[in-house]
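> After the structure tokens below, expect a handful of questions from me.
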Amino acid sequence: MPRVDAILTNRQHVRIRGGSSIIDESRNMTELPGTWREPHRAVHLPRSEALQAWTASAVPLLEMVASEYGNYITYKNLARALSEASGVHTTQQLNYWMGDVLAGVISACEERALPALSSLVVHTGDGMVGSGFNEVLRRAGSETIDDPYDLEMVAAAERLNCYRVYCRELPADAAAQLTREYSARVQRRTPALPKVRPVCPGCGLQLPATGVCDDCG
């Protein structure tokens with residue numbers, strides 16, 4: 001498997017919160033049907049072999065993502081990075097294979113007593129790990145979480161654990177953080193609290209803008 005740091009050379013980088021992720025915009029993943037390993041584009045690669053190659057590449061790639069505080073990567077960008085790292089390409093939609101890859105990542109983290117690197121992988125639009133992250137809780141013997149916000153907070157705490165292990169320069173005030181996209185979404189949905197004007201301690205009526213009661217003075 002190519003070295004992970006070699007993949008970064010001469011690649012286009014897309015900014016994500018706190019860092020960048022690796023993608024190669026020059027490759028069209030719909031050129032050929034099925035799944036194959038470069039340079040054998042005409043030879044179909046069995047699903048089991050493809051998953052094994054992607055999973056082996058996913059762990060070091062996610063370790064690299066975790067090396068910068070606040071960093072995370074989208075499912076789409078991870079898929080492209082996995083193709084570059086492993087040489088295995090597919091025309092299948094992400095939902096047909098990425099879940100199995102991340103399940104393999106969860107198993108690898110369990111075996112090595114590492115934090116859940118899968119917490120670093122989020123959806124492009126909303127920045128959420130999604131309900132699939134409950135698999136991490138199941139493996140740990142914890143109850144699954146139905147509330148999306150609570151689940152994202154657990155994922156944020158797990159990302160912080162990843163930064164603590166891999167980040168070269170972890171800030172002293174490092175804290176669990178929601179992704180930028182999900183944080184903005186939550187703020188838009190939170191209604192503004194009505195302003196409460198102070199009242200006069202003497203008569204109980206609301207004070208005018210001057211702060212002096214017209215009746216009590």
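Within each chain, counting starts at residue 1; across the structure tokens, chains are named A, B, ... in the order shown, with ligands numbered 1 upward in that order.
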Could you give me, as a PyMOL selection string, the residues within 12 Å of Arg185 in chain A, counting only C-alpha atoms and dropping anything in the same chain fewer than 2 positions from it?
chain A and resi 125-128+149+178-183+187-190
> Keeping only N, CA and C atoms, write those residues as a tab-separated table (two decimals), in the first residue's frame.

chain	number	residue	atom	x	y	z
A	125	GLY	N	-23.23	17.75	3.78
A	125	GLY	CA	-24.16	18.85	3.95
A	125	GLY	C	-24.33	19.33	5.36
A	126	ASP	N	-24.51	18.40	6.31
A	126	ASP	CA	-24.85	18.81	7.68
A	126	ASP	C	-23.73	18.60	8.69
A	127	GLY	N	-22.62	17.98	8.27
A	127	GLY	CA	-21.50	17.79	9.19
A	127	GLY	C	-21.78	16.80	10.30
A	128	MET	N	-22.73	15.89	10.10
A	128	MET	CA	-23.11	14.93	11.14
A	128	MET	C	-22.49	13.55	10.86
A	149	TYR	N	-28.84	15.34	18.28
A	149	TYR	CA	-27.93	16.28	18.94
A	149	TYR	C	-27.07	15.56	19.98
A	178	LEU	N	-18.70	20.47	18.15
A	178	LEU	CA	-19.51	20.03	17.03
A	178	LEU	C	-18.83	20.50	15.74
A	179	THR	N	-19.12	19.86	14.63
A	179	THR	CA	-18.56	20.33	13.37
A	179	THR	C	-19.13	21.70	13.05
A	180	ARG	N	-18.41	22.44	12.24
A	180	ARG	CA	-18.85	23.79	11.89
A	180	ARG	C	-20.23	23.76	11.23
A	181	GLU	N	-20.45	22.79	10.34
A	181	GLU	CA	-21.71	22.72	9.61
A	181	GLU	C	-22.88	22.40	10.54
A	182	TYR	N	-22.68	21.44	11.44
A	182	TYR	CA	-23.78	21.08	12.33
A	182	TYR	C	-24.03	22.16	13.37
A	183	SER	N	-22.98	22.80	13.84
A	183	SER	CA	-23.14	23.88	14.80
A	183	SER	C	-23.98	25.01	14.21
A	187	GLN	N	-27.71	26.36	15.51
A	187	GLN	CA	-27.96	27.76	15.84
A	187	GLN	C	-29.13	28.33	15.05
A	188	ARG	N	-29.29	27.91	13.80
A	188	ARG	CA	-30.41	28.39	13.00
A	188	ARG	C	-31.74	27.90	13.55
A	189	ARG	N	-31.73	26.72	14.16
A	189	ARG	CA	-32.98	26.14	14.66
A	189	ARG	C	-33.30	26.58	16.08
A	190	THR	N	-32.36	27.24	16.76
A	190	THR	CA	-32.60	27.67	18.13
A	190	THR	C	-33.29	29.03	18.13
> Do a neighbour search on Gly87 in chain A at 10 Å with only C-alpha atoms, toss out local chain neighbours closer than 6 positions, and write the hits as a ChimeraX atom specification.
/A:1-2,36-40,50,53-54,57,81
> Which of range 62-102 of chain A end up as alpha helix (DSSP H) when DSSP is run on this backbone - answer as a PyMOL selection string?
chain A and resi 62-65+75-86+98-102
> Selection from above, C-alpha atoms, as a PDB file, in the first residue's frame, can you write it?

ATOM      1  CA  LEU A  62      -7.979   8.889   9.572  1.00  0.00           C
ATOM      2  CA  GLU A  63      -4.970   8.983  11.875  1.00  0.00           C
ATOM      3  CA  MET A  64      -3.601  11.684   9.598  1.00  0.00           C
ATOM      4  CA  VAL A  65      -6.891  13.595   9.784  1.00  0.00           C
ATOM      5  CA  TYR A  75     -17.562  10.585   3.519  1.00  0.00           C
ATOM      6  CA  LYS A  76     -17.082  11.686  -0.079  1.00  0.00           C
ATOM      7  CA  ASN A  77     -13.546  12.948   0.440  1.00  0.00           C
ATOM      8  CA  LEU A  78     -12.614   9.859   2.423  1.00  0.00           C
ATOM      9  CA  ALA A  79     -13.851   7.655  -0.424  1.00  0.00           C
ATOM     10  CA  ARG A  80     -11.605   9.460  -2.891  1.00  0.00           C
ATOM     11  CA  ALA A  81      -8.648   9.310  -0.526  1.00  0.00           C
ATOM     12  CA  LEU A  82      -9.188   5.573  -0.028  1.00  0.00           C
ATOM     13  CA  SER A  83      -9.157   5.010  -3.779  1.00  0.00           C
ATOM     14  CA  GLU A  84      -5.870   6.869  -4.101  1.00  0.00           C
ATOM     15  CA  ALA A  85      -4.259   5.134  -1.127  1.00  0.00           C
ATOM     16  CA  SER A  86      -5.321   1.592  -2.019  1.00  0.00           C
ATOM     17  CA  MET A  98     -18.538   2.794   3.162  1.00  0.00           C
ATOM     18  CA  GLY A  99     -20.476   1.449   6.152  1.00  0.00           C
ATOM     19  CA  ASP A 100     -18.575  -1.837   5.929  1.00  0.00           C
ATOM     20  CA  VAL A 101     -15.268   0.013   5.720  1.00  0.00           C
ATOM     21  CA  LEU A 102     -16.037   2.062   8.832  1.00  0.00           C
TER      22      LEU A 102
END
> Please measure the separation of CA of Leu51 in chain A and CA of Thr35 in chain A, giving the value in Å to one decimal.
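Calculated distance between CA of Leu51 in chain A and CA of Thr35 in chain A is 10.5 Å.
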> Assign secondary structure with DSSP using the backbone only, and return the residues of range 10-198 of chain A in strand (DSSP E) as a PDB file with C-alpha atoms, in the first residue's frame.

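Contents of part-v4.pdb, as written:
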ATOM      1  CA  GLN A  12      -5.553  19.157  -4.534  1.00  0.00           C
ATOM      2  CA  HIS A  13      -6.570  19.947  -0.951  1.00  0.00           C
ATOM      3  CA  VAL A  14     -10.051  20.954   0.154  1.00  0.00           C
ATOM      4  CA  ARG A  15     -10.333  22.998   3.324  1.00  0.00           C
ATOM      5  CA  ILE A  16     -12.292  21.439   6.134  1.00  0.00           C
ATOM      6  CA  GLY A  19      -7.363  21.439   8.243  1.00  0.00           C
ATOM      7  CA  SER A  20      -7.610  19.800   4.861  1.00  0.00           C
ATOM      8  CA  SER A  21      -8.597  16.514   3.325  1.00  0.00           C
ATOM      9  CA  ILE A  22      -7.145  14.681   0.364  1.00  0.00           C
ATOM     10  CA  ILE A  23      -9.013  14.407  -2.911  1.00  0.00           C
ATOM     11  CA  THR A  35     -14.701  -2.460  -8.892  1.00  0.00           C
ATOM     12  CA  TRP A  36     -11.065  -2.815  -9.909  1.00  0.00           C
ATOM     13  CA  ARG A  37      -7.498  -2.342  -8.703  1.00  0.00           C
ATOM     14  CA  ILE A  73     -13.327  14.626   6.746  1.00  0.00           C
ATOM     15  CA  THR A  74     -16.471  14.005   4.711  1.00  0.00           C
ATOM     16  CA  VAL A  88      -8.938   0.204  -5.602  1.00  0.00           C
ATOM     17  CA  HIS A  89     -11.703   2.085  -7.410  1.00  0.00           C
ATOM     18  CA  THR A  90     -15.425   1.490  -7.766  1.00  0.00           C
ATOM     19  CA  VAL A 121     -16.098  11.041   9.188  1.00  0.00           C
ATOM     20  CA  VAL A 122     -19.151  13.241   8.602  1.00  0.00           C
TER      21      VAL A 122
END
> Tell me, as a PDB file with N, CA and C atoms, in the first residue's frame, which residues lie within 12 Å of Tyr166 in chain A, counting only C-alpha atoms; anything in the same chain fewer than 6 positions away does not count.

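And here is the file that came out, selection29.pdb:
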ATOM      1  N   PRO A  60      -4.821   4.526   8.655  1.00  0.00           N
ATOM      2  CA  PRO A  60      -3.763   5.546   8.602  1.00  0.00           C
ATOM      3  C   PRO A  60      -4.240   6.881   8.048  1.00  0.00           C
ATOM      4  N   LEU A  61      -5.198   6.859   7.124  1.00  0.00           N
ATOM      5  CA  LEU A  61      -5.730   8.117   6.608  1.00  0.00           C
ATOM      6  C   LEU A  61      -6.448   8.901   7.704  1.00  0.00           C
ATOM      7  N   LEU A  62      -7.252   8.217   8.497  1.00  0.00           N
ATOM      8  CA  LEU A  62      -7.979   8.889   9.572  1.00  0.00           C
ATOM      9  C   LEU A  62      -7.036   9.311  10.695  1.00  0.00           C
ATOM     10  N   GLU A  63      -5.979   8.558  10.909  1.00  0.00           N
ATOM     11  CA  GLU A  63      -4.970   8.983  11.875  1.00  0.00           C
ATOM     12  C   GLU A  63      -4.330  10.295  11.427  1.00  0.00           C
ATOM     13  N   MET A  64      -4.144  10.440  10.127  1.00  0.00           N
ATOM     14  CA  MET A  64      -3.601  11.684   9.598  1.00  0.00           C
ATOM     15  C   MET A  64      -4.587  12.835   9.795  1.00  0.00           C
ATOM     16  N   VAL A  65      -5.870  12.570   9.564  1.00  0.00           N
ATOM     17  CA  VAL A  65      -6.891  13.595   9.784  1.00  0.00           C
ATOM     18  C   VAL A  65      -6.870  14.052  11.241  1.00  0.00           C
ATOM     19  N   ALA A  66      -6.721  13.101  12.155  1.00  0.00           N
ATOM     20  CA  ALA A  66      -6.746  13.403  13.587  1.00  0.00           C
ATOM     21  C   ALA A  66      -5.486  14.108  14.068  1.00  0.00           C
ATOM     22  N   SER A  67      -4.480  14.213  13.228  1.00  0.00           N
ATOM     23  CA  SER A  67      -3.219  14.824  13.659  1.00  0.00           C
ATOM     24  C   SER A  67      -3.303  16.342  13.751  1.00  0.00           C
ATOM     25  N   GLU A  68      -4.411  16.922  13.303  1.00  0.00           N
ATOM     26  CA  GLU A  68      -4.599  18.368  13.410  1.00  0.00           C
ATOM     27  C   GLU A  68      -5.882  18.646  14.180  1.00  0.00           C
ATOM     28  N   TYR A  69      -5.774  19.423  15.243  1.00  0.00           N
ATOM     29  CA  TYR A  69      -6.912  19.690  16.125  1.00  0.00           C
ATOM     30  C   TYR A  69      -8.063  20.335  15.357  1.00  0.00           C
ATOM     31  N   GLY A  70      -9.263  19.804  15.567  1.00  0.00           N
ATOM     32  CA  GLY A  70     -10.457  20.333  14.926  1.00  0.00           C
ATOM     33  C   GLY A  70     -10.711  19.795  13.537  1.00  0.00           C
ATOM     34  N   ASN A  71      -9.864  18.894  13.075  1.00  0.00           N
ATOM     35  CA  ASN A  71      -9.978  18.372  11.720  1.00  0.00           C
ATOM     36  C   ASN A  71     -11.030  17.265  11.639  1.00  0.00           C
ATOM     37  N   LEU A 114      -7.745   2.089  20.602  1.00  0.00           N
ATOM     38  CA  LEU A 114      -7.695   3.460  20.116  1.00  0.00           C
ATOM     39  C   LEU A 114      -9.078   4.095  20.202  1.00  0.00           C
ATOM     40  N   PRO A 115      -9.145   5.425  20.257  1.00  0.00           N
ATOM     41  CA  PRO A 115     -10.458   6.077  20.181  1.00  0.00           C
ATOM     42  C   PRO A 115     -11.083   5.825  18.825  1.00  0.00           C
ATOM     43  N   LEU A 117     -11.898   6.338  15.485  1.00  0.00           N
ATOM     44  CA  LEU A 117     -11.512   7.201  14.369  1.00  0.00           C
ATOM     45  C   LEU A 117     -12.682   7.469  13.426  1.00  0.00           C
ATOM     46  N   ARG A 159     -14.065  12.619  18.962  1.00  0.00           N
ATOM     47  CA  ARG A 159     -13.071  13.296  18.115  1.00  0.00           C
ATOM     48  C   ARG A 159     -11.985  13.937  18.970  1.00  0.00           C
ATOM     49  N   LEU A 160     -12.389  14.519  20.098  1.00  0.00           N
ATOM     50  CA  LEU A 160     -11.400  15.111  21.000  1.00  0.00           C
ATOM     51  C   LEU A 160     -10.431  14.042  21.500  1.00  0.00           C
TER      52      LEU A 160
END
> Measure the distance from CA of Cys167 in chain A to CA of Ser118 in chain A in Å and round it to one decimal.
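Distance reported for this atom pair: 16.0 Å.
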> Return the single residue from A:Glu135, A:Asp215, A:Glu110, A:Glu49 that is closest to Ala155 in chain A, with distances computed using only C-alpha atoms.
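Result for the nearest residue to Ala155 in chain A: A:Glu135.
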> Go ahead and compute the interatomic distance for CA of Gln177 in chain A and CA of Glu152 in chain A, in Å to one decimal.
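Separation between CA of Gln177 in chain A and CA of Glu152 in chain A: 9.3 Å.
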> Ranking A:Pro208, A:Pro201, A:Tyr72, A:Asp146 by minimum distance to Tyr163 in chain A and counting only C-alpha atoms, which one comes first?
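Closest to Tyr163 in chain A of all the choices is A:Tyr72.
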> From the options A:Val59, A:Val129, A:Ala42, A:Val165, which residue's atoms come nearest to Pro148 in chain A, counting only C-alpha atoms?
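Result for the nearest residue to Pro148 in chain A: A:Val129.
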> For Ala103 in chain A, which residue among A:Leu137, A:Leu170, A:Thr55, A:Thr124 is the nearest when counting only C-alpha atoms?
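Among the listed residues, the smallest separation from Ala103 in chain A belongs to A:Thr55.
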